[in-house]
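Novice: See target.cif below, with mmCIF, C-alpha atoms.
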```cif
data_entry
#
loop_
_atom_site.label_atom_id
_atom_site.label_comp_id
_atom_site.auth_asym_id
_atom_site.auth_seq_id
_atom_site.Cartn_x
_atom_site.Cartn_y
_atom_site.Cartn_z
CA MET A 1 -39.54 13.52 9.10
CA LYS A 2 -37.04 11.25 7.42
CA ILE A 3 -36.56 8.32 9.75
CA ILE A 4 -34.21 5.35 9.52
CA ILE A 5 -35.01 2.19 11.46
CA LEU A 6 -32.34 -0.44 11.88
CA GLY A 7 -33.64 -3.98 12.34
CA CYS A 8 -36.88 -5.29 10.89
CA GLY A 9 -37.90 -7.55 13.73
CA ARG A 10 -41.32 -7.34 15.36
CA SER A 11 -40.62 -3.98 17.01
CA GLY A 12 -38.89 -2.49 14.00
CA ALA A 13 -41.58 -3.57 11.56
CA ARG A 14 -44.35 -2.36 13.83
CA LEU A 15 -42.70 1.01 14.41
CA ALA A 16 -42.09 1.37 10.66
CA GLY A 17 -45.81 0.76 10.04
CA LEU A 18 -46.88 3.31 12.66
CA LEU A 19 -44.56 6.03 11.40
CA ASP A 20 -45.44 5.30 7.79
CA ILE A 21 -49.18 5.75 8.45
CA GLU A 22 -48.45 9.12 10.01
CA GLY A 23 -46.82 10.22 6.81
CA HIS A 24 -43.14 10.04 7.75
CA LYS A 25 -40.56 9.02 5.20
CA VAL A 26 -39.37 5.71 6.63
CA THR A 27 -36.38 3.62 5.55
CA ILE A 28 -35.92 0.29 7.27
CA LEU A 29 -32.64 -1.62 7.15
CA ASP A 30 -32.01 -5.28 7.91
CA ILE A 31 -29.26 -7.73 7.04
CA ASP A 32 -31.84 -10.33 6.06
CA ALA A 33 -34.40 -9.60 3.34
CA TYR A 34 -36.65 -12.30 4.78
CA SER A 35 -37.32 -10.02 7.77
CA PHE A 36 -39.21 -7.60 5.57
CA ARG A 37 -42.17 -10.04 5.49
CA ARG A 38 -43.10 -8.51 8.83
CA LEU A 39 -43.78 -5.10 7.29
CA PRO A 40 -47.45 -4.19 6.74
CA ALA A 41 -48.68 -4.99 3.23
CA ASP A 42 -49.36 -1.31 2.52
CA PHE A 43 -45.97 -0.06 3.80
CA ALA A 44 -45.01 2.86 1.56
CA GLY A 45 -41.47 3.37 2.87
CA THR A 46 -38.21 1.84 1.71
CA ALA A 47 -36.87 -1.52 2.83
CA LEU A 48 -33.14 -2.00 2.30
CA VAL A 49 -30.83 -4.94 2.88
CA GLY A 50 -27.69 -3.76 4.62
CA ASN A 51 -25.43 -3.90 7.64
CA GLY A 52 -26.25 -1.19 10.16
CA ILE A 53 -22.67 -0.79 11.33
CA ASP A 54 -21.38 -0.20 7.83
CA GLU A 55 -21.13 3.47 6.88
CA ASP A 56 -21.72 2.75 3.21
CA ALA A 57 -24.97 0.90 3.94
CA LEU A 58 -26.10 3.72 6.20
CA LYS A 59 -25.32 6.28 3.53
CA LYS A 60 -27.33 4.27 1.03
CA ALA A 61 -30.21 4.40 3.47
CA GLY A 62 -29.90 8.19 3.42
CA ILE A 63 -28.44 8.76 6.88
CA GLN A 64 -26.88 12.03 5.78
CA GLU A 65 -30.34 13.59 5.43
CA ALA A 66 -32.09 11.66 8.21
CA ASP A 67 -33.89 13.48 11.01
CA ALA A 68 -34.05 10.44 13.26
CA PHE A 69 -32.33 7.08 13.64
CA ILE A 70 -33.61 4.16 15.72
CA ALA A 71 -31.65 0.96 16.31
CA LEU A 72 -33.76 -2.11 17.04
CA THR A 73 -31.64 -5.12 16.11
CA GLN A 74 -31.34 -8.10 18.42
CA GLY A 75 -27.79 -7.17 19.37
CA ASP A 76 -27.23 -4.55 22.05
CA ASN A 77 -23.72 -3.84 20.82
CA ARG A 78 -24.78 -3.53 17.22
CA ASN A 79 -27.45 -1.06 18.30
CA ILE A 80 -24.98 0.94 20.36
CA MET A 81 -22.37 1.06 17.64
CA SER A 82 -24.80 2.04 14.89
CA CYS A 83 -26.25 4.78 17.10
CA GLN A 84 -22.79 6.12 17.85
CA ILE A 85 -22.02 6.18 14.12
CA ALA A 86 -25.35 7.95 13.46
CA LYS A 87 -24.73 10.48 16.21
CA HIS A 88 -21.01 11.13 16.02
CA ILE A 89 -20.22 10.63 12.34
CA PHE A 90 -23.43 11.62 10.59
CA ASN A 91 -24.77 14.04 13.22
CA VAL A 92 -28.32 12.73 13.04
CA PRO A 93 -30.34 15.04 15.32
CA LYS A 94 -32.40 12.36 17.02
CA VAL A 95 -30.94 8.95 17.82
CA VAL A 96 -32.69 6.26 19.86
CA CYS A 97 -31.16 2.95 20.87
CA ARG A 98 -32.62 -0.27 22.22
CA ILE A 99 -30.37 -1.90 24.81
CA TYR A 100 -31.70 -5.02 26.49
CA ASP A 101 -29.00 -5.12 29.17
CA PRO A 102 -30.07 -2.60 31.86
CA LEU A 103 -26.49 -1.99 33.05
CA ARG A 104 -25.27 -1.32 29.55
CA ARG A 105 -28.23 0.99 28.97
CA GLU A 106 -27.32 2.94 32.08
CA LEU A 107 -23.71 3.36 31.00
CA PHE A 108 -24.39 4.37 27.43
CA SER A 109 -27.19 6.73 28.48
CA SER A 110 -24.62 8.50 30.61
CA LEU A 111 -22.39 8.68 27.53
CA GLY A 112 -25.08 10.60 25.68
CA ILE A 113 -27.00 7.91 23.81
CA GLU A 114 -30.75 8.07 24.26
CA ALA A 115 -31.49 4.46 25.13
CA LEU A 116 -34.44 2.33 26.16
CA SER A 117 -34.21 -1.01 27.92
CA PRO A 118 -37.21 -3.23 27.15
CA THR A 119 -36.05 -5.46 30.00
CA THR A 120 -36.41 -2.76 32.62
CA VAL A 121 -39.63 -1.33 31.20
CA PHE A 122 -41.31 -4.70 30.73
CA ALA A 123 -40.30 -6.09 34.12
CA GLN A 124 -41.75 -2.99 35.74
CA MET A 125 -45.00 -3.39 33.79
CA CYS A 126 -45.29 -7.05 34.78
CA LYS A 127 -44.72 -6.16 38.40
CA GLU A 128 -47.46 -3.54 38.28
CA LYS A 129 -49.90 -6.00 36.68
CA ILE A 130 -49.34 -8.48 39.49
CA GLU A 131 -49.56 -5.94 42.27
CA ARG A 132 -52.73 -4.30 40.98
CA MET B 133 0.93 -5.79 33.93
CA TYR B 134 -2.58 -7.11 34.25
CA ILE B 135 -3.92 -7.47 30.73
CA ILE B 136 -7.47 -8.50 29.89
CA VAL B 137 -8.08 -10.02 26.48
CA ILE B 138 -11.68 -10.21 25.24
CA GLY B 139 -12.25 -12.99 22.75
CA GLY B 140 -10.66 -16.43 22.77
CA GLY B 141 -10.58 -17.02 19.05
CA LYS B 142 -7.33 -17.51 17.16
CA VAL B 143 -6.15 -13.95 17.73
CA GLY B 144 -7.09 -13.95 21.41
CA TYR B 145 -5.51 -17.34 22.01
CA TYR B 146 -2.13 -16.57 20.44
CA LEU B 147 -2.09 -13.07 21.89
CA GLY B 148 -2.79 -14.46 25.36
CA LYS B 149 -0.09 -17.03 24.94
CA ALA B 150 2.48 -14.44 23.85
CA LEU B 151 1.61 -12.13 26.72
CA LEU B 152 1.80 -14.96 29.25
CA ASP B 153 5.23 -15.86 27.88
CA GLN B 154 6.32 -12.30 28.50
CA GLY B 155 5.37 -12.75 32.12
CA HIS B 156 2.22 -10.65 32.21
CA GLU B 157 -0.84 -11.48 34.23
CA VAL B 158 -3.33 -12.33 31.51
CA LEU B 159 -7.02 -13.14 31.53
CA ILE B 160 -8.82 -14.22 28.38
CA VAL B 161 -12.59 -13.83 28.41
CA GLU B 162 -14.43 -16.11 26.00
CA LYS B 163 -18.19 -16.45 25.63
CA GLU B 164 -18.35 -19.90 24.08
CA ALA B 165 -18.11 -22.83 26.46
CA ALA B 166 -16.12 -25.13 24.19
CA LYS B 167 -13.53 -22.50 23.32
CA SER B 168 -13.05 -21.27 26.85
CA GLU B 169 -12.79 -24.85 28.08
CA ALA B 170 -10.07 -25.62 25.55
CA ILE B 171 -8.05 -22.57 26.56
CA ARG B 172 -8.54 -23.34 30.26
CA ASN B 173 -7.14 -26.81 29.70
CA GLU B 174 -3.98 -25.23 28.44
CA PHE B 175 -3.66 -21.98 30.39
CA GLY B 176 -5.58 -22.87 33.53
CA SER B 177 -6.97 -19.87 35.36
CA ALA B 178 -5.84 -17.45 32.64
CA CYS B 179 -9.17 -17.91 30.89
CA ILE B 180 -12.75 -17.57 32.04
CA ARG B 181 -16.03 -18.12 30.31
CA GLY B 182 -18.04 -14.94 30.13
CA ASP B 183 -19.36 -12.04 28.10
CA GLY B 184 -16.76 -9.30 27.88
CA CYS B 185 -19.48 -6.73 27.28
CA GLU B 186 -21.26 -7.39 30.53
CA VAL B 187 -20.54 -5.11 33.42
CA SER B 188 -21.01 -7.96 35.91
CA THR B 189 -18.39 -10.13 34.20
CA LEU B 190 -15.97 -7.24 33.99
CA THR B 191 -16.51 -6.44 37.67
CA GLU B 192 -15.93 -10.06 38.63
CA ILE B 193 -12.57 -10.23 36.83
CA GLY B 194 -11.28 -7.06 38.43
CA THR B 195 -11.27 -4.85 35.36
CA GLY B 196 -10.76 -1.86 37.63
CA ARG B 197 -7.16 -2.87 38.26
CA ALA B 198 -6.34 -3.82 34.67
CA ASP B 199 -3.46 -1.97 33.04
CA MET B 200 -4.56 -2.82 29.56
CA PHE B 201 -7.77 -4.03 27.95
CA ILE B 202 -7.65 -5.62 24.51
CA ALA B 203 -10.78 -6.62 22.58
CA VAL B 204 -10.09 -9.01 19.71
CA THR B 205 -13.39 -10.76 19.03
CA GLY B 206 -14.44 -11.16 15.41
CA ASP B 207 -17.19 -8.57 15.77
CA ASP B 208 -16.39 -4.88 15.58
CA GLU B 209 -19.46 -3.88 17.59
CA ASP B 210 -18.52 -6.14 20.50
CA ASN B 211 -14.96 -4.83 20.53
CA LEU B 212 -16.13 -1.24 20.47
CA VAL B 213 -18.64 -1.68 23.25
CA SER B 214 -16.44 -3.72 25.59
CA CYS B 215 -13.58 -1.23 25.27
CA GLN B 216 -15.89 1.67 26.01
CA ILE B 217 -17.20 -0.08 29.13
CA ALA B 218 -13.63 -0.81 30.25
CA ARG B 219 -12.63 2.76 29.73
CA ARG B 220 -15.66 4.65 30.97
CA LYS B 221 -16.89 2.39 33.73
CA PHE B 222 -13.63 0.89 34.97
CA ASN B 223 -11.14 3.61 33.99
CA VAL B 224 -8.73 1.21 32.34
CA PRO B 225 -5.82 3.42 31.25
CA ARG B 226 -5.22 1.75 27.91
CA THR B 227 -7.77 0.15 25.59
CA MET B 228 -7.09 -1.57 22.30
CA ALA B 229 -9.53 -3.00 19.80
CA ARG B 230 -9.39 -5.03 16.65
CA THR B 231 -11.59 -3.95 13.78
CA ASN B 232 -12.52 -5.82 10.66
CA ASN B 233 -13.93 -2.96 8.64
CA PRO B 234 -11.16 -0.37 8.04
CA ARG B 235 -13.78 2.40 8.01
CA ASN B 236 -14.67 1.66 11.60
CA GLU B 237 -11.37 3.06 12.84
CA ILE B 238 -12.90 6.52 12.76
CA ILE B 239 -15.76 5.73 15.13
CA PHE B 240 -13.44 3.76 17.42
CA LYS B 241 -11.15 6.76 17.70
CA LYS B 242 -14.07 9.11 18.29
CA MET B 243 -15.33 6.90 21.08
CA GLY B 244 -11.98 7.13 22.84
CA ILE B 245 -10.44 3.73 22.11
CA ASP B 246 -6.67 4.28 22.39
CA VAL B 247 -5.50 1.93 19.68
CA THR B 248 -7.39 0.22 16.87
CA ILE B 249 -5.80 -2.52 14.86
CA ASN B 250 -7.18 -3.30 11.46
CA GLY B 251 -5.97 -6.42 9.71
CA THR B 252 -6.93 -5.17 6.27
CA ASN B 253 -4.99 -1.93 6.71
CA ILE B 254 -1.92 -3.71 8.01
CA ILE B 255 -1.83 -5.92 4.93
CA MET B 256 -2.42 -2.87 2.73
CA GLU B 257 0.54 -1.09 4.32
CA TYR B 258 2.77 -4.04 3.56
CA ILE B 259 1.55 -4.05 -0.03
CA GLU B 260 2.37 -0.32 -0.28
CA GLN B 261 5.91 -0.99 0.89
CA GLU B 262 6.36 -3.93 -1.42
CA VAL B 263 4.95 -2.31 -4.52
CA PRO B 264 7.46 0.34 -5.64
CA THR B 265 4.99 2.20 -7.84
CA HIS B 266 3.45 3.81 -4.81
CA GLN B 267 4.51 7.40 -4.66
CA LEU B 268 4.37 7.78 -0.93
CA THR B 269 4.49 5.03 1.64
CA HIS B 270 3.22 5.26 5.19
CA LEU B 271 5.72 3.88 7.63
CA LEU B 272 4.34 4.85 11.01
CA ASN B 273 1.67 6.96 12.63
CA ILE B 274 2.71 8.98 15.65
CA ARG B 275 -0.46 8.88 17.60
CA ASP B 276 -1.61 11.74 19.81
CA LYS B 277 0.62 14.15 17.88
CA GLY B 278 -1.27 13.82 14.59
CA LEU B 279 1.97 13.16 12.73
CA GLU B 280 3.15 10.37 10.48
CA ILE B 281 6.41 9.10 9.10
CA VAL B 282 6.39 8.53 5.36
CA GLU B 283 8.78 7.48 2.67
CA VAL B 284 9.04 9.19 -0.69
CA LYS B 285 11.38 8.23 -3.49
CA VAL B 286 12.77 11.04 -5.63
CA PRO B 287 11.98 10.09 -9.25
CA PRO B 288 14.48 10.71 -12.10
CA ARG B 289 12.77 13.89 -13.36
CA SER B 290 11.89 15.46 -10.05
CA PRO B 291 12.28 19.25 -9.77
CA VAL B 292 14.13 18.83 -6.44
CA ILE B 293 17.15 17.05 -7.96
CA GLY B 294 20.25 19.18 -7.44
CA LYS B 295 18.49 21.42 -4.96
CA MET B 296 19.50 21.90 -1.35
CA ILE B 297 17.00 21.07 1.33
CA LYS B 298 16.92 24.69 2.52
CA GLU B 299 15.78 25.72 -0.97
CA LEU B 300 12.69 23.52 -0.89
CA SER B 301 9.34 24.90 0.14
CA LEU B 302 8.05 22.04 2.24
CA PRO B 303 4.50 22.07 3.58
CA PRO B 304 4.04 23.09 7.25
CA ASP B 305 5.08 20.60 9.93
CA SER B 306 7.03 18.56 7.42
CA ILE B 307 10.64 17.63 8.12
CA ILE B 308 13.00 15.58 6.03
CA SER B 309 14.58 13.44 8.68
CA LEU B 310 16.62 10.86 6.81
CA ILE B 311 17.90 10.23 3.32
CA ILE B 312 18.83 6.79 2.12
CA ARG B 313 20.97 6.99 -0.98
CA LYS B 314 21.76 4.16 -3.37
CA GLN B 315 24.83 2.23 -2.27
CA ASP B 316 25.42 4.80 0.42
CA LYS B 317 24.84 4.77 4.11
CA PRO B 318 21.75 6.55 5.34
CA LEU B 319 22.51 10.20 6.00
CA VAL B 320 20.95 12.69 8.33
CA PRO B 321 20.25 15.71 6.16
CA VAL B 322 21.47 19.24 6.89
CA PRO B 323 20.00 22.33 5.18
CA GLU B 324 22.85 22.19 2.63
CA THR B 325 22.30 18.55 1.63
CA THR B 326 21.69 18.33 -2.11
CA LEU B 327 19.05 15.87 -3.26
CA GLN B 328 19.70 13.30 -5.92
CA ALA B 329 17.54 11.14 -8.11
CA GLU B 330 16.48 7.84 -6.49
CA ASP B 331 16.98 9.23 -2.99
CA GLN B 332 14.71 7.53 -0.52
CA ILE B 333 13.44 10.27 1.74
CA ILE B 334 12.06 9.50 5.16
CA ALA B 335 9.98 12.45 6.32
CA VAL B 336 7.74 13.45 9.19
CA THR B 337 4.54 15.19 8.16
CA LYS B 338 0.88 15.69 8.97
CA PRO B 339 -1.64 13.49 7.15
CA GLU B 340 -3.29 16.56 5.60
CA ASN B 341 0.04 17.76 4.15
CA GLU B 342 1.02 14.43 2.71
CA GLY B 343 -0.21 15.36 -0.79
CA ALA B 344 1.71 18.64 -0.80
CA LEU B 345 4.87 16.92 0.40
CA ARG B 346 4.60 14.33 -2.33
CA THR B 347 4.10 17.03 -4.97
CA THR B 348 7.10 19.00 -3.71
CA LEU B 349 9.44 16.03 -3.73
CA ARG B 350 8.19 14.25 -6.83
CA GLY B 351 6.88 17.11 -8.93
CA THR B 352 3.62 15.24 -9.53
#
```
Translate the structure described by the file into structure tokens.
Specialist:
Amino acid sequence: MKIIILGCGRSGARLAGLLDIEGHKVTILDIDAYSFRRLPADFAGTALVGNGIDEDALKKAGIQEADAFIALTQGDNRNIMSCQIAKHIFNVPKVVCRIYDPLRRELFSSLGIEALSPTTVFAQMCKEKIER
Amino acid sequence: MYIIVIGGGKVGYYLGKALLDQGHEVLIVEKEAAKSEAIRNEFGSACIRGDGCEVSTLTEIGTGRADMFIAVTGDDEDNLVSCQIARRKFNVPRTMARTNNPRNEIIFKKMGIDVTINGTNIIMEYIEQEVPTHQLTHLLNIRDKGLEIVEVKVPPRSPVIGKMIKELSLPPDSIISLIIRKQDKPLVPVPETTLQAEDQIIAVTKPENEGALRTTLRGT
């Protein structure tokens, strides 16, 4: 699969490494080239500097042929907007969005964006650890 | 009207001020403490500190009863998201957003934002009007109807000179609605009106027929 990851933070870089090992064609986008230091040394995909809410940057990353798009920047709104561009303008078949704010995740899930909230998931995991 | 303004930067501040002067109930939502404090000192309760993208903040300020919701922060993504929350979660009847990147207007429209205002485009439109070499000038978009009002000047060698309006083959949904003639008063055209060189034609058309209209009237 051709996969675009937006945001090369810890999660983005780690996901890029995992998908790369499995043989996917990964392109990772970040506004800061310094973030790419987090990528594994043997990363075979493409790392591109660019703004994820700019159509031209997304096109350069190959969004028109992408099978999946995942937004993992630090900004909930940036993630939402880039996912909506991916879904509604470029018709990417699979779009996943990280939204920290649980309420915002709920709303945008109901609007058709497949979204994960690390806040909700992690709080639940912590709770289970304590209760066990 | 109760109008919520998201973003207390320069645009939000002056917009809020103008709306207050018009007698509206206005609330400016600004995230930064210093900025919101400064506005509060001037406008009192017409400003609160908060994140205009958070459902809890928007609930607290009574977004459900807002007549209009305007997002004018400096970040397109924040404006897009807050307007969508206002519209989808709180059913605000009218949402407006400022965009910085002109290309973003498309996604804003697709996501159901009623009006998007793009500073770059507004300046470009003024340049078009000021620079006479432009062959067709956009004057106004008639939203919801998919129509626009444009201005075309008939050049000296245009094939339409000396022809009556009823003889022209205009593209579909295109109407010549006004002619402004040199030294003359503006005239409302009838089918028998004969076109002259240098006529300024104000026409209603669809964006997709704009090219055909220009070709018909200018010959190029």
Novice: As an exercise, work out the distance from CA of Glu283 in chain B to CA of His270 in chain B in Å and give it to one decimal place.
Specialist: 6.5 Å
Novice: Using only C-alpha atoms, which chain B residues lie at most 7 Å away from chain A, written as a ChimeraX atom specification?
Specialist: /B:187,209-210,213,239
Novice: Hey, can you check how far CA of Glu162 in chain B sits from CA of Gly182 in chain B?
Specialist: 5.6 Å
Novice: Can you work out which one of A:Tyr100, A:Phe69, A:Phe43, A:Phe122 has the shortest atom-to-atom distance to Ile5 in chain A, counting all atoms listed in the file?
Specialist: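 Between A:Tyr100, A:Phe69, A:Phe43, A:Phe122, the residue approaching Ile5 in chain A most closely is A:Phe69.
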Novice: With a distance cut-off of 10 Å and all atoms listed in the file, select the neighbouring residues of Gly206 in chain B, excluding the residue or stretch itself and same-chain residues fewer than 6 positions from it, and output the selection as a list in words.
Specialist: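 In the requested format, the answer is Gly139, Gly140, Gly141, Lys142, Val143, Gly144, Arg230, Thr231 and Asn232 of chain B.
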Novice: Translate the PyMOL selection byres ((chain B and resi 307-323) around 8) into a concrete residue list for this structure, as a PDB file with C-alpha atoms, keeping the file's coordinate frame.
Specialist:
```pdb
ATOM      1  CA  MET B 296      19.500  21.900  -1.350  1.00  0.00           C
ATOM      2  CA  ILE B 297      17.000  21.070   1.330  1.00  0.00           C
ATOM      3  CA  LYS B 298      16.920  24.690   2.520  1.00  0.00           C
ATOM      4  CA  LEU B 302       8.050  22.040   2.240  1.00  0.00           C
ATOM      5  CA  ASP B 305       5.080  20.600   9.930  1.00  0.00           C
ATOM      6  CA  SER B 306       7.030  18.560   7.420  1.00  0.00           C
ATOM      7  CA  GLU B 324      22.850  22.190   2.630  1.00  0.00           C
ATOM      8  CA  THR B 325      22.300  18.550   1.630  1.00  0.00           C
ATOM      9  CA  GLU B 330      16.480   7.840  -6.490  1.00  0.00           C
ATOM     10  CA  ASP B 331      16.980   9.230  -2.990  1.00  0.00           C
ATOM     11  CA  GLN B 332      14.710   7.530  -0.520  1.00  0.00           C
ATOM     12  CA  ILE B 333      13.440  10.270   1.740  1.00  0.00           C
ATOM     13  CA  ILE B 334      12.060   9.500   5.160  1.00  0.00           C
ATOM     14  CA  ALA B 335       9.980  12.450   6.320  1.00  0.00           C
ATOM     15  CA  VAL B 336       7.740  13.450   9.190  1.00  0.00           C
ATOM     16  CA  THR B 337       4.540  15.190   8.160  1.00  0.00           C
TER      17      THR B 337
END
```
Novice: Report, in Å with one decimal, the straight-line distance from CA of Glu186 in chain B to CA of Ile130 in chain A.
Specialist: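 CA of Ile130 in chain A lies 29.5 Å from CA of Glu186 in chain B.
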Novice: Considering all atoms listed in the file, can you say which of B:Gly184, B:Pro225, B:Gly294, B:Pro287 comes closest to Leu349 in chain B?
Specialist: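 For Leu349 in chain B, the nearest of the candidates is B:Pro287.
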Novice: With the PyMOL selection byres ((chain A and resi 37-42) around 8) as the selection, what would be picked from this file? Answer as a list of chain:residue names, please.
Specialist: A:Cys8, A:Gly9, A:Arg10, A:Ala13, A:Arg14, A:Ala16, A:Gly17, A:Tyr34, A:Ser35, A:Phe36, A:Phe43, A:Ala44
Novice: Go through B:Gly251, B:Gly343, B:Gly244, B:Pro288 and flag the residue nearest Asp276 in chain B, using only C-alpha atoms for the distances.
Specialist: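 Of B:Gly251, B:Gly343, B:Gly244, B:Pro288, the one nearest Asp276 in chain B is B:Gly244, counting only C-alpha atoms.
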Novice: Looking at B:Ile254, B:Ala170, B:Val158, B:Val247, which one is nearest to Arg275 in chain B, with distances taken over only C-alpha atoms?
Specialist: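 The answer is B:Val247, which sits nearest to Arg275 in chain B.
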Novice: Mind checking which residues fall within 10 Å of range 172-177 of chain B, counting all atoms listed in the file, ignoring those fewer than 6 positions away in the same chain, and posting them as a PDB file with C-alpha atoms, in the frame of the given file?
Specialist:
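Result written to result-v5.pdb:
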```pdb
ATOM      1  CA  TYR B 145      -5.510 -17.340  22.010  1.00  0.00           C
ATOM      2  CA  GLY B 148      -2.790 -14.460  25.360  1.00  0.00           C
ATOM      3  CA  LYS B 149      -0.090 -17.030  24.940  1.00  0.00           C
ATOM      4  CA  LEU B 152       1.800 -14.960  29.250  1.00  0.00           C
ATOM      5  CA  VAL B 158      -3.330 -12.330  31.510  1.00  0.00           C
ATOM      6  CA  LEU B 159      -7.020 -13.140  31.530  1.00  0.00           C
ATOM      7  CA  ILE B 160      -8.820 -14.220  28.380  1.00  0.00           C
ATOM      8  CA  ALA B 166     -16.120 -25.130  24.190  1.00  0.00           C
TER       9      ALA B 166
END
```
Novice: Mind checking which residues fall within 7 Å of Asp246 in chain B, counting all atoms listed in the file, ignoring those fewer than 6 positions away in the same chain, and posting them as a VMD selection string?
Specialist: chain B and resid 226 to 228
Novice: Applied to this file, what does the PyMOL selection byres ((chain A and resi 97) around 9) return in terms of residues, put as number ranges by chain?
Specialist: A: 69-72, 76, 79-80, 82-83, 95-96, 98-99, 105, 113-117
